[in-house]
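Here's work06.json, which has JSON, C-alpha atoms:
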```json
[["chain", "number", "residue", "atom", "x", "y", "z"],
["A", 1, "MET", "CA", 89.45, -87.67, 4.24],
["A", 2, "ARG", "CA", 86.62, -85.44, 3.08],
["A", 3, "GLY", "CA", 89.08, -83.81, 0.67],
["A", 4, "ALA", "CA", 90.00, -87.17, -0.87],
["A", 5, "VAL", "CA", 86.33, -88.06, -1.41],
["A", 6, "LEU", "CA", 85.76, -84.65, -3.02],
["A", 7, "VAL", "CA", 88.73, -85.22, -5.37],
["A", 8, "LEU", "CA", 87.36, -88.62, -6.43],
["A", 9, "VAL", "CA", 83.86, -87.24, -7.04],
["A", 10, "VAL", "CA", 85.21, -84.33, -9.09],
["A", 11, "LEU", "CA", 87.44, -86.57, -11.21],
["A", 12, "ALA", "CA", 84.62, -89.09, -11.80],
["A", 13, "LEU", "CA", 82.33, -86.27, -12.91],
["A", 14, "ALA", "CA", 85.00, -84.85, -15.23],
["A", 15, "THR", "CA", 85.63, -88.30, -16.76],
["A", 16, "ALA", "CA", 81.91, -88.76, -17.48],
["A", 17, "LEU", "CA", 81.75, -85.29, -19.05],
["A", 18, "GLY", "CA", 84.83, -85.97, -21.17],
["A", 19, "LEU", "CA", 83.53, -89.31, -22.48],
["A", 20, "ALA", "CA", 80.15, -87.78, -23.38],
["A", 21, "TRP", "CA", 81.90, -84.89, -25.13],
["A", 22, "ARG", "CA", 84.22, -87.19, -27.09],
["A", 23, "GLY", "CA", 81.37, -89.46, -28.20],
["A", 24, "ARG", "CA", 79.41, -86.53, -29.55],
["A", 25, "ASN", "CA", 82.24, -84.79, -31.45],
["A", 26, "GLY", "CA", 81.85, -84.66, -35.20],
["A", 27, "ARG", "CA", 78.88, -87.05, -35.32],
["A", 28, "PHE", "CA", 76.48, -86.18, -38.12],
["A", 29, "ARG", "CA", 73.00, -85.42, -36.79],
["A", 30, "PRO", "CA", 70.32, -85.11, -39.47],
["A", 31, "THR", "CA", 67.55, -82.55, -39.05],
["A", 32, "ASP", "CA", 64.05, -83.88, -38.37],
["A", 33, "ALA", "CA", 62.99, -82.98, -41.92],
["A", 34, "ALA", "CA", 65.85, -84.95, -43.47],
["A", 35, "ARG", "CA", 65.44, -88.12, -41.38],
["A", 36, "PRO", "CA", 64.33, -91.15, -43.36],
["A", 37, "GLY", "CA", 60.56, -91.62, -43.11],
["A", 38, "ALA", "CA", 59.70, -87.96, -42.62],
["A", 39, "THR", "CA", 57.85, -86.43, -45.54],
["A", 40, "ALA", "CA", 58.68, -82.95, -46.70],
["A", 41, "VAL", "CA", 55.08, -81.80, -46.16],
["A", 42, "GLU", "CA", 55.07, -82.84, -42.50],
["A", 43, "ALA", "CA", 58.47, -81.44, -41.85],
["A", 44, "GLN", "CA", 58.12, -77.99, -43.31],
["A", 45, "PRO", "CA", 55.01, -75.82, -43.62],
["A", 46, "VAL", "CA", 54.50, -74.66, -47.17],
["A", 47, "THR", "CA", 53.68, -71.11, -46.13],
["A", 48, "GLY", "CA", 55.89, -68.66, -44.27],
["A", 49, "PRO", "CA", 59.58, -67.88, -44.64],
["A", 50, "ALA", "CA", 61.79, -70.94, -44.96],
["A", 51, "ARG", "CA", 64.09, -70.35, -42.02],
["A", 52, "ASP", "CA", 66.01, -73.58, -42.51],
["A", 53, "VAL", "CA", 67.14, -72.65, -46.01],
["A", 54, "LEU", "CA", 70.48, -70.95, -46.68],
["A", 55, "THR", "CA", 71.16, -68.90, -49.79],
["A", 56, "ALA", "CA", 74.35, -67.81, -51.56],
["A", 57, "ASP", "CA", 73.68, -64.34, -50.10],
["A", 58, "ASP", "CA", 73.80, -65.73, -46.54],
["A", 59, "LEU", "CA", 77.13, -67.42, -47.19],
["A", 60, "GLY", "CA", 78.92, -65.15, -49.63],
["A", 61, "VAL", "CA", 79.70, -68.08, -51.94],
["A", 62, "ALA", "CA", 77.63, -70.10, -54.42],
["A", 63, "LEU", "CA", 76.09, -73.32, -53.05],
["A", 64, "GLY", "CA", 77.59, -76.65, -54.08],
["A", 65, "GLY", "CA", 75.71, -78.69, -56.68],
["A", 66, "ARG", "CA", 75.58, -81.63, -54.27],
["A", 67, "ALA", "CA", 76.15, -80.23, -50.78],
["A", 68, "THR", "CA", 77.74, -77.36, -48.90],
["A", 69, "PHE", "CA", 79.60, -77.58, -45.57],
["A", 70, "VAL", "CA", 79.01, -74.32, -43.71],
["A", 71, "GLN", "CA", 81.62, -74.40, -40.93],
["A", 72, "LEU", "CA", 81.05, -71.88, -38.13],
["A", 73, "SER", "CA", 84.37, -71.21, -36.41],
["A", 74, "SER", "CA", 85.73, -68.85, -33.77],
["A", 75, "GLU", "CA", 89.04, -67.38, -32.79],
["A", 76, "VAL", "CA", 89.19, -69.42, -29.59],
["A", 77, "CYS", "CA", 88.56, -72.86, -30.98],
["A", 78, "ALA", "CA", 91.04, -75.67, -30.64],
["A", 79, "ALA", "CA", 89.38, -78.01, -33.18],
["A", 80, "CYS", "CA", 88.40, -75.46, -35.86],
["A", 81, "ARG", "CA", 91.65, -75.53, -37.78],
["A", 82, "ALA", "CA", 91.84, -79.33, -38.02],
["A", 83, "THR", "CA", 88.15, -79.53, -39.01],
["A", 84, "SER", "CA", 88.73, -76.86, -41.66],
["A", 85, "THR", "CA", 91.59, -78.88, -43.16],
["A", 86, "VAL", "CA", 89.44, -82.05, -43.22],
["A", 87, "LEU", "CA", 86.40, -80.38, -44.83],
["A", 88, "ALA", "CA", 88.53, -78.49, -47.38],
["A", 89, "GLY", "CA", 90.08, -81.83, -48.35],
["A", 90, "VAL", "CA", 86.66, -83.48, -48.78],
["A", 91, "ALA", "CA", 85.45, -80.49, -50.84],
["A", 92, "ALA", "CA", 88.52, -80.81, -53.08],
["A", 93, "ASP", "CA", 88.00, -84.55, -53.63],
["A", 94, "GLU", "CA", 84.22, -84.76, -53.98],
["A", 95, "PRO", "CA", 82.59, -83.11, -57.01],
["A", 96, "GLY", "CA", 79.78, -80.69, -56.23],
["A", 97, "VAL", "CA", 80.83, -80.23, -52.60],
["A", 98, "VAL", "CA", 81.66, -76.73, -51.32],
["A", 99, "HIS", "CA", 83.22, -75.86, -47.96],
["A", 100, "VAL", "CA", 82.89, -72.37, -46.49],
["A", 101, "GLU", "CA", 84.23, -71.33, -43.08],
["A", 102, "LEU", "CA", 82.60, -68.36, -41.33],
["A", 103, "ASP", "CA", 83.54, -66.51, -38.12],
["A", 104, "VAL", "CA", 80.69, -66.68, -35.57],
["A", 105, "ALA", "CA", 81.48, -63.16, -34.34],
["A", 106, "GLU", "CA", 80.64, -61.82, -37.82],
["A", 107, "HIS", "CA", 77.65, -64.12, -38.44],
["A", 108, "LEU", "CA", 75.69, -63.99, -35.20],
["A", 109, "GLU", "CA", 72.40, -63.98, -37.11],
["A", 110, "LEU", "CA", 73.26, -67.43, -38.53],
["A", 111, "VAL", "CA", 74.32, -68.59, -35.04],
["A", 112, "ARG", "CA", 70.92, -67.58, -33.61],
["A", 113, "ARG", "CA", 68.86, -68.78, -36.57],
["A", 114, "PHE", "CA", 70.34, -72.28, -36.38],
["A", 115, "GLY", "CA", 70.74, -72.42, -32.60],
["A", 116, "VAL", "CA", 74.51, -72.97, -32.74],
["A", 117, "MET", "CA", 76.02, -73.47, -29.27],
["A", 118, "ARG", "CA", 79.68, -74.33, -29.87],
["A", 119, "THR", "CA", 82.48, -74.08, -32.39],
["A", 120, "PRO", "CA", 83.16, -75.65, -34.72],
["A", 121, "THR", "CA", 79.61, -76.44, -35.83],
["A", 122, "THR", "CA", 79.25, -77.46, -39.47],
["A", 123, "LEU", "CA", 75.83, -77.06, -41.07],
["A", 124, "VAL", "CA", 75.36, -79.56, -43.90],
["A", 125, "VAL", "CA", 73.29, -77.91, -46.61],
["A", 126, "GLY", "CA", 71.74, -79.61, -49.64],
["A", 127, "HIS", "CA", 71.94, -78.47, -53.27],
["A", 128, "ASP", "CA", 68.81, -76.33, -52.78],
["A", 129, "GLY", "CA", 70.10, -74.62, -49.62],
["A", 130, "ALA", "CA", 67.95, -76.69, -47.25],
["A", 131, "LEU", "CA", 69.59, -77.72, -43.98],
["A", 132, "VAL", "CA", 70.17, -81.49, -43.99],
["A", 133, "GLY", "CA", 71.96, -81.85, -40.67],
["A", 134, "ARG", "CA", 74.92, -80.72, -38.65],
["A", 135, "MET", "CA", 78.17, -81.87, -37.06],
["A", 136, "SER", "CA", 79.64, -80.16, -34.01],
["A", 137, "GLY", "CA", 83.10, -80.45, -32.49],
["A", 138, "ALA", "CA", 86.22, -81.86, -34.13],
["A", 139, "THR", "CA", 85.15, -83.64, -37.33],
["A", 140, "ASP", "CA", 87.24, -86.24, -39.14],
["A", 141, "ARG", "CA", 87.14, -87.25, -42.79],
["A", 142, "ARG", "CA", 85.13, -90.43, -42.14],
["A", 143, "GLN", "CA", 82.41, -88.42, -40.35],
["A", 144, "ALA", "CA", 82.31, -85.81, -43.13],
["A", 145, "LEU", "CA", 81.94, -88.53, -45.77],
["A", 146, "ALA", "CA", 79.17, -90.16, -43.71],
["A", 147, "ALA", "CA", 77.32, -86.84, -43.70],
["A", 148, "LEU", "CA", 77.67, -86.67, -47.49],
["A", 149, "ALA", "CA", 76.48, -90.26, -47.84],
["A", 150, "SER", "CA", 73.17, -89.26, -46.27],
["A", 151, "CYS", "CA", 72.81, -86.88, -49.22],
["A", 152, "GLY", "CA", 72.88, -89.78, -51.72],
["A", 153, "THR", "CA", 74.96, -89.92, -54.88],
["A", 154, "PRO", "CA", 74.35, -88.55, -57.41],
["A", 155, "ALA", "CA", 70.85, -87.64, -56.19],
["A", 156, "PRO", "CA", 70.72, -84.31, -54.39],
["A", 157, "CYS", "CA", 70.27, -84.05, -50.64],
["A", 158, "PRO", "CA", 66.75, -84.43, -49.28],
["A", 159, "GLY", "CA", 65.21, -81.27, -47.93],
["A", 160, "VAL", "CA", 62.54, -78.75, -48.68],
["A", 161, "PRO", "CA", 61.32, -79.08, -52.28],
["A", 162, "ALA", "CA", 61.99, -76.03, -54.42],
["A", 163, "VAL", "CA", 58.86, -73.88, -54.73],
["B", 1, "MET", "CA", 86.02, -75.64, -53.53],
["B", 2, "SER", "CA", 86.78, -74.30, -50.09],
["B", 3, "ALA", "CA", 86.83, -70.87, -48.45],
["B", 4, "THR", "CA", 88.63, -70.95, -45.11],
["B", 5, "LEU", "CA", 89.40, -68.15, -42.69],
["B", 6, "THR", "CA", 91.79, -69.75, -40.23],
["B", 7, "PRO", "CA", 95.04, -67.81, -40.54],
["B", 8, "ARG", "CA", 98.25, -69.81, -40.74],
["B", 9, "VAL", "CA", 99.70, -68.24, -37.59],
["B", 10, "THR", "CA", 102.80, -69.81, -36.10],
["B", 11, "GLY", "CA", 101.56, -72.58, -33.86],
["B", 12, "ILE", "CA", 102.58, -74.10, -30.56],
["B", 13, "ASP", "CA", 103.07, -77.74, -29.67],
["B", 14, "PRO", "CA", 99.52, -78.86, -28.64],
["B", 15, "ARG", "CA", 100.98, -81.21, -26.01],
["B", 16, "GLY", "CA", 102.44, -78.25, -24.07],
["B", 17, "PRO", "CA", 99.13, -76.85, -22.75],
["B", 18, "ARG", "CA", 97.94, -80.39, -21.93],
["B", 19, "VAL", "CA", 101.02, -81.16, -19.84],
["B", 20, "GLY", "CA", 100.61, -77.74, -18.21],
["B", 21, "ALA", "CA", 96.96, -78.56, -17.42],
["B", 22, "ALA", "CA", 98.06, -81.84, -15.82],
["B", 23, "LEU", "CA", 100.49, -79.95, -13.54],
["B", 24, "THR", "CA", 97.74, -77.45, -12.68],
["B", 25, "ALA", "CA", 95.37, -80.35, -11.92],
["B", 26, "VAL", "CA", 97.89, -81.82, -9.45],
["B", 27, "LEU", "CA", 98.08, -78.46, -7.62],
["B", 28, "LEU", "CA", 94.28, -78.22, -7.54],
["B", 29, "VAL", "CA", 94.02, -81.74, -6.08],
["B", 30, "GLY", "CA", 96.41, -80.43, -3.42],
["B", 31, "VAL", "CA", 94.09, -77.51, -2.68],
["B", 32, "LEU", "CA", 91.15, -79.92, -2.17],
["B", 33, "LEU", "CA", 93.19, -82.29, 0.02],
["B", 34, "LEU", "CA", 94.39, -79.44, 2.24],
["B", 35, "GLY", "CA", 90.76, -78.59, 3.01],
["B", 36, "ASP", "CA", 89.97, -75.54, 5.08],
["B", 37, "SER", "CA", 93.48, -74.24, 5.76],
["B", 38, "ARG", "CA", 95.67, -71.23, 4.98],
["B", 39, "LEU", "CA", 97.92, -73.48, 2.93],
["B", 40, "ALA", "CA", 95.01, -74.38, 0.62],
["B", 41, "THR", "CA", 94.34, -70.67, 0.03],
["B", 42, "ALA", "CA", 98.04, -70.04, -0.67],
["B", 43, "LEU", "CA", 98.18, -72.92, -3.16],
["B", 44, "LEU", "CA", 95.07, -71.64, -4.95],
["B", 45, "ALA", "CA", 96.75, -68.21, -5.10],
["B", 46, "LEU", "CA", 99.74, -69.85, -6.80],
["B", 47, "VAL", "CA", 97.43, -71.45, -9.39],
["B", 48, "ALA", "CA", 95.65, -68.12, -9.97],
["B", 49, "ALA", "CA", 99.02, -66.38, -10.45],
["B", 50, "SER", "CA", 100.00, -69.02, -13.04],
["B", 51, "PHE", "CA", 96.74, -68.44, -14.91],
["B", 52, "ALA", "CA", 97.35, -64.66, -14.77],
["B", 53, "ARG", "CA", 100.77, -65.15, -16.37],
["B", 54, "GLY", "CA", 99.28, -67.40, -19.07],
["B", 55, "ALA", "CA", 96.42, -65.00, -19.77],
["B", 56, "SER", "CA", 98.72, -61.98, -20.10],
["B", 57, "GLY", "CA", 101.71, -63.50, -21.89],
["B", 58, "GLY", "CA", 100.19, -66.56, -23.57],
["B", 59, "VAL", "CA", 100.31, -70.15, -22.38],
["B", 60, "GLY", "CA", 103.97, -70.38, -23.42],
["B", 61, "ALA", "CA", 104.93, -67.84, -20.74],
["B", 62, "THR", "CA", 103.89, -70.01, -17.78],
["B", 63, "TRP", "CA", 106.21, -72.04, -15.55],
["B", 64, "GLN", "CA", 104.35, -75.16, -16.71],
["B", 65, "ALA", "CA", 105.37, -74.38, -20.31],
["B", 66, "TRP", "CA", 108.96, -73.82, -19.11],
["B", 67, "LEU", "CA", 109.01, -77.26, -17.49],
["B", 68, "PHE", "CA", 107.47, -78.83, -20.62],
["B", 69, "GLU", "CA", 110.13, -77.25, -22.87],
["B", 70, "ARG", "CA", 113.03, -78.27, -20.58],
["B", 71, "LEU", "CA", 111.94, -81.69, -19.33],
["B", 72, "VAL", "CA", 109.18, -83.20, -21.49],
["B", 73, "ARG", "CA", 109.53, -82.01, -25.07],
["B", 74, "PRO", "CA", 113.16, -83.15, -25.51],
["B", 75, "ARG", "CA", 111.95, -86.71, -24.77],
["B", 76, "LEU", "CA", 109.07, -86.60, -27.28],
["B", 77, "ALA", "CA", 108.96, -86.92, -31.06],
["B", 78, "PRO", "CA", 108.33, -83.62, -32.90],
["B", 79, "PRO", "CA", 104.61, -82.72, -32.95],
["B", 80, "THR", "CA", 102.63, -83.92, -35.98],
["B", 81, "ALA", "CA", 100.67, -80.66, -36.08],
["B", 82, "LEU", "CA", 100.95, -77.26, -34.42],
["B", 83, "GLU", "CA", 98.07, -75.55, -32.65],
["B", 84, "ASP", "CA", 96.76, -72.00, -32.68],
["B", 85, "PRO", "CA", 98.01, -70.35, -29.43],
["B", 86, "ARG", "CA", 94.82, -68.28, -28.95],
["B", 87, "PRO", "CA", 92.44, -70.98, -27.63],
["B", 88, "PRO", "CA", 94.77, -72.12, -24.78],
["B", 89, "ARG", "CA", 95.41, -68.47, -23.88],
["B", 90, "PHE", "CA", 91.67, -67.90, -23.63],
["B", 91, "ALA", "CA", 91.44, -71.02, -21.45],
["B", 92, "GLN", "CA", 94.05, -69.47, -19.10],
["B", 93, "LEU", "CA", 91.86, -66.37, -18.80],
["B", 94, "VAL", "CA", 88.81, -68.50, -17.91],
["B", 95, "GLY", "CA", 90.92, -70.33, -15.30],
["B", 96, "LEU", "CA", 92.07, -67.01, -13.87],
["B", 97, "VAL", "CA", 88.49, -65.74, -13.49],
["B", 98, "ILE", "CA", 87.38, -68.93, -11.66],
["B", 99, "THR", "CA", 90.36, -69.16, -9.30],
["B", 100, "ALA", "CA", 90.55, -65.42, -8.59],
["B", 101, "LEU", "CA", 86.83, -65.38, -7.74],
["B", 102, "GLY", "CA", 87.33, -68.28, -5.32],
["B", 103, "LEU", "CA", 90.34, -66.58, -3.79],
["B", 104, "VAL", "CA", 88.60, -63.23, -3.24],
["B", 105, "LEU", "CA", 85.46, -64.83, -1.77],
["B", 106, "GLY", "CA", 87.65, -67.09, 0.38],
["B", 107, "LEU", "CA", 89.56, -64.12, 1.77],
["B", 108, "LEU", "CA", 86.23, -62.39, 2.46],
["B", 109, "GLY", "CA", 85.32, -65.35, 4.67],
["B", 110, "VAL", "CA", 83.15, -67.53, 2.43],
["B", 111, "THR", "CA", 84.26, -70.98, 3.66],
["B", 112, "TRP", "CA", 83.38, -73.09, 0.59],
["B", 113, "ALA", "CA", 84.78, -70.58, -1.95],
["B", 114, "VAL", "CA", 88.35, -71.96, -2.07],
["B", 115, "PRO", "CA", 87.45, -75.68, -2.44],
["B", 116, "GLY", "CA", 84.51, -74.76, -4.72],
["B", 117, "ALA", "CA", 86.69, -72.80, -7.15],
["B", 118, "ALA", "CA", 89.39, -75.48, -6.96],
["B", 119, "ALA", "CA", 86.82, -78.19, -7.82],
["B", 120, "VAL", "CA", 85.50, -76.27, -10.87],
["B", 121, "ALA", "CA", 89.03, -75.49, -12.07],
["B", 122, "LEU", "CA", 90.04, -79.13, -11.51],
["B", 123, "VAL", "CA", 87.22, -80.36, -13.78],
["B", 124, "ALA", "CA", 88.44, -77.97, -16.51],
["B", 125, "ALA", "CA", 92.14, -78.81, -16.07],
["B", 126, "PHE", "CA", 91.46, -82.56, -15.98],
["B", 127, "LEU", "CA", 89.32, -82.41, -19.16],
["B", 128, "ASN", "CA", 92.07, -80.42, -20.87],
["B", 129, "ALA", "CA", 94.87, -82.78, -19.79],
["B", 130, "VAL", "CA", 93.11, -86.12, -20.39],
["B", 131, "PHE", "CA", 90.68, -85.41, -23.25],
["B", 132, "GLY", "CA", 92.21, -82.31, -24.88],
["B", 133, "LEU", "CA", 88.92, -80.54, -24.19],
["B", 134, "CYS", "CA", 89.18, -76.76, -23.74],
["B", 135, "LEU", "CA", 86.12, -76.04, -21.58],
["B", 136, "GLY", "CA", 86.49, -72.26, -21.84],
["B", 137, "CYS", "CA", 86.61, -72.53, -25.64],
["B", 138, "GLU", "CA", 83.42, -74.61, -25.66],
["B", 139, "LEU", "CA", 81.66, -71.92, -23.63],
["B", 140, "TYR", "CA", 83.00, -68.99, -25.67],
["B", 141, "LEU", "CA", 80.14, -68.92, -28.19],
["B", 142, "LEU", "CA", 77.50, -69.06, -25.42],
["B", 143, "GLY", "CA", 79.23, -66.07, -23.79],
["B", 144, "LEU", "CA", 79.26, -64.22, -27.10],
["B", 145, "ARG", "CA", 75.54, -64.91, -27.60],
["B", 146, "VAL", "CA", 74.67, -63.58, -24.13],
["B", 147, "ARG", "CA", 76.86, -60.47, -24.54],
["B", 148, "THR", "CA", 75.33, -59.54, -27.89],
["B", 149, "ARG", "CA", 71.72, -60.38, -27.10],
["B", 150, "ARG", "CA", 70.62, -56.75, -27.09],
["B", 151, "ALA", "CA", 72.98, -55.60, -29.83]]
```
Target encoding structure tokens, full file:
Amino acid sequence: MRGAVLVLVVLALATALGLAWRGRNGRFRPTDAARPGATAVEAQPVTGPARDVLTADDLGVALGGRATFVQLSSEVCAACRATSTVLAGVAADEPGVVHVELDVAEHLELVRRFGVMRTPTTLVVGHDGALVGRMSGATDRRQALAALASCGTPAPCPGVPAV
Amino acid sequence: MSATLTPRVTGIDPRGPRVGAALTAVLLVGVLLLGDSRLATALLALVAASFARGASGGVGATWQAWLFERLVRPRLAPPTALEDPRPPRFAQLVGLVITALGLVLGLLGVTWAVPGAAAVALVAAFLNAVFGLCLGCELYLLGLRVRTRRA
């Protein structure tokens, strides 16, 4: 009897975990600085190194004129391949959008700098290299396009103003 | 423009590991229902041995994969996409560590070790079977961050 209760509790817990996980997958989450209403001055101090800005040197490829999807992937990642196919497709169809996939094991400094906890995590970067937001977990085309929509067309993504 | 790194390795049918996880989950429910008995320990040992086979030879080498190939796959349409075999193999290794730990502690006399390990492994197997969530894969990056903290 106690065993049966334990089984039910464990399965209920696992179901709750699974639903929370599924609801979170691929959803675009804007950074505080890029949320509507926040001003650039509040969001980012003018002095000091801009730690939320990515450069072509960080990525090994030139930034997109509109946005760049920086996908952090790992060897043991069930959703990385599908997400890579989706983002490559969006990059091919949308002008000014670049997709780059990096292995977390080789880019641990990026993982730490941006507090990445799971793969795939896709950092959405504006035309100036400023982080606009991120998507983690399996990402579909609709979610990727929603992330781009927050960048505005043809206006560049909001972010830290160029100094 | 796109720069990807995922190699186009030959894939496996993604439904195979999920069916295998469902079979594992049934065995783990059995472990919990048997409670504090020798049979529960023996059943957990069987699950640990299955994980050991999957971790060493890949998920396709397990008896669950054998059953899937013989009984389930012939009744299904061909898969729409193939999956990288490395994530499910890593998941087998994580399952092996959890169940082997429970087994060893259980044999050393820790009474809650066998049901405790079975409960944790059941959460993982259930999430894999029902939601397609590979818990070990989700935790991989956290493990990598801890391991390389002082590097």
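When CA of Leu72 in chain A is paired with CA of Ala149 in chain A, their separation reads 21.3 Å.
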One number please: CA of Ala21 in chain B to CA of Ser84 in chain A, in Å, one decimal. 25.7 Å
Considering all atoms listed in the file, tabulate each residue of chain A that lies at most 6 Å from chain B along with its nearest interatomic pair and the corresponding distance in Å to one decimal; arrange the rows by chain and ascending residue number and present them as JSON lines.
```
{"residue": "A:Gly3", "atom": "CA", "partner": "B:Leu33", "partner_atom": "CA", "distance": 4.4}
{"residue": "A:Ala4", "atom": "CA", "partner": "B:Leu33", "partner_atom": "CA", "distance": 5.9}
{"residue": "A:Ala14", "atom": "CA", "partner": "B:Val123", "partner_atom": "CA", "distance": 5.2}
{"residue": "A:Val76", "atom": "CA", "partner": "B:Pro87", "partner_atom": "CA", "distance": 4.1}
{"residue": "A:Cys77", "atom": "CA", "partner": "B:Pro87", "partner_atom": "CA", "distance": 5.5}
{"residue": "A:Ala78", "atom": "CA", "partner": "B:Pro87", "partner_atom": "CA", "distance": 5.7}
{"residue": "A:Ala88", "atom": "CA", "partner": "B:Ser2", "partner_atom": "CA", "distance": 5.3}
{"residue": "A:Ala91", "atom": "CA", "partner": "B:Met1", "partner_atom": "CA", "distance": 5.6}
{"residue": "A:Ala92", "atom": "CA", "partner": "B:Met1", "partner_atom": "CA", "distance": 5.8}
{"residue": "A:Val98", "atom": "CA", "partner": "B:Met1", "partner_atom": "CA", "distance": 5.0}
{"residue": "A:His99", "atom": "CA", "partner": "B:Ser2", "partner_atom": "CA", "distance": 4.4}
{"residue": "A:Val100", "atom": "CA", "partner": "B:Ala3", "partner_atom": "CA", "distance": 4.6}
{"residue": "A:Glu101", "atom": "CA", "partner": "B:Thr4", "partner_atom": "CA", "distance": 4.9}
{"residue": "A:Arg118", "atom": "CA", "partner": "B:Glu138", "partner_atom": "CA", "distance": 5.6}
```
List the spatial neighbours of Leu102 in chain A as a VMD selection string - criterion: any atom at most 12 Å away, only C-alpha atoms, same-chain residues fewer than 2 positions off excluded. (chain A and resid 58 to 61 69 to 75 80 84 99 to 100 104 to 111 119 to 123) or (chain B and resid 2 to 6)
Just give me the gap between CA of Gly23 in chain A and CA of Ala77 in chain B in Å, one decimal is fine. 27.9 Å
Nearby residues (only C-alpha atoms) at most 10 Å from Thr62 in chain B, same-chain spacing under 5 positions excluded, as a PyMOL selection string: chain B and resi 17+20+49-57+67-68+92
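Among the candidates B:Val19, B:Ile98, B:Val146, B:Ile12, the one nearest to Val72 in chain B when counting only C-alpha atoms is B:Val19.
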Put a box with edges along x, y and z around all the listed atoms of range 75-82 of chain B, pad it by 6 Å on each side, then give me its centre and sizes in Å, one decimal, as AutoDock Vina command-line options.
```
--center_x 106.3 --center_y -82.1 --center_z -30.4 --size_x 23.3 --size_y 21.7 --size_z 23.3
```
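Minimum atom-to-atom distance to Thr99 in chain B, evaluated using all atoms listed in the file, belongs to B:Val114 out of B:Leu76, B:Glu69, B:Gln64, B:Val114.
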Applying 7 Å and all atoms listed in the file, which residues near Thr83 in chain A remain after dropping the ones on its own chain fewer than 5 positions away? List them as a PDB file with C-alpha atoms, in the frame of the given file.
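Output (selection26.pdb):
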```pdb
ATOM      1  CA  ALA A 138      86.220 -81.860 -34.130  1.00  0.00           C
ATOM      2  CA  THR A 139      85.150 -83.640 -37.330  1.00  0.00           C
ATOM      3  CA  ASP A 140      87.240 -86.240 -39.140  1.00  0.00           C
TER       4      ASP A 140
END
```
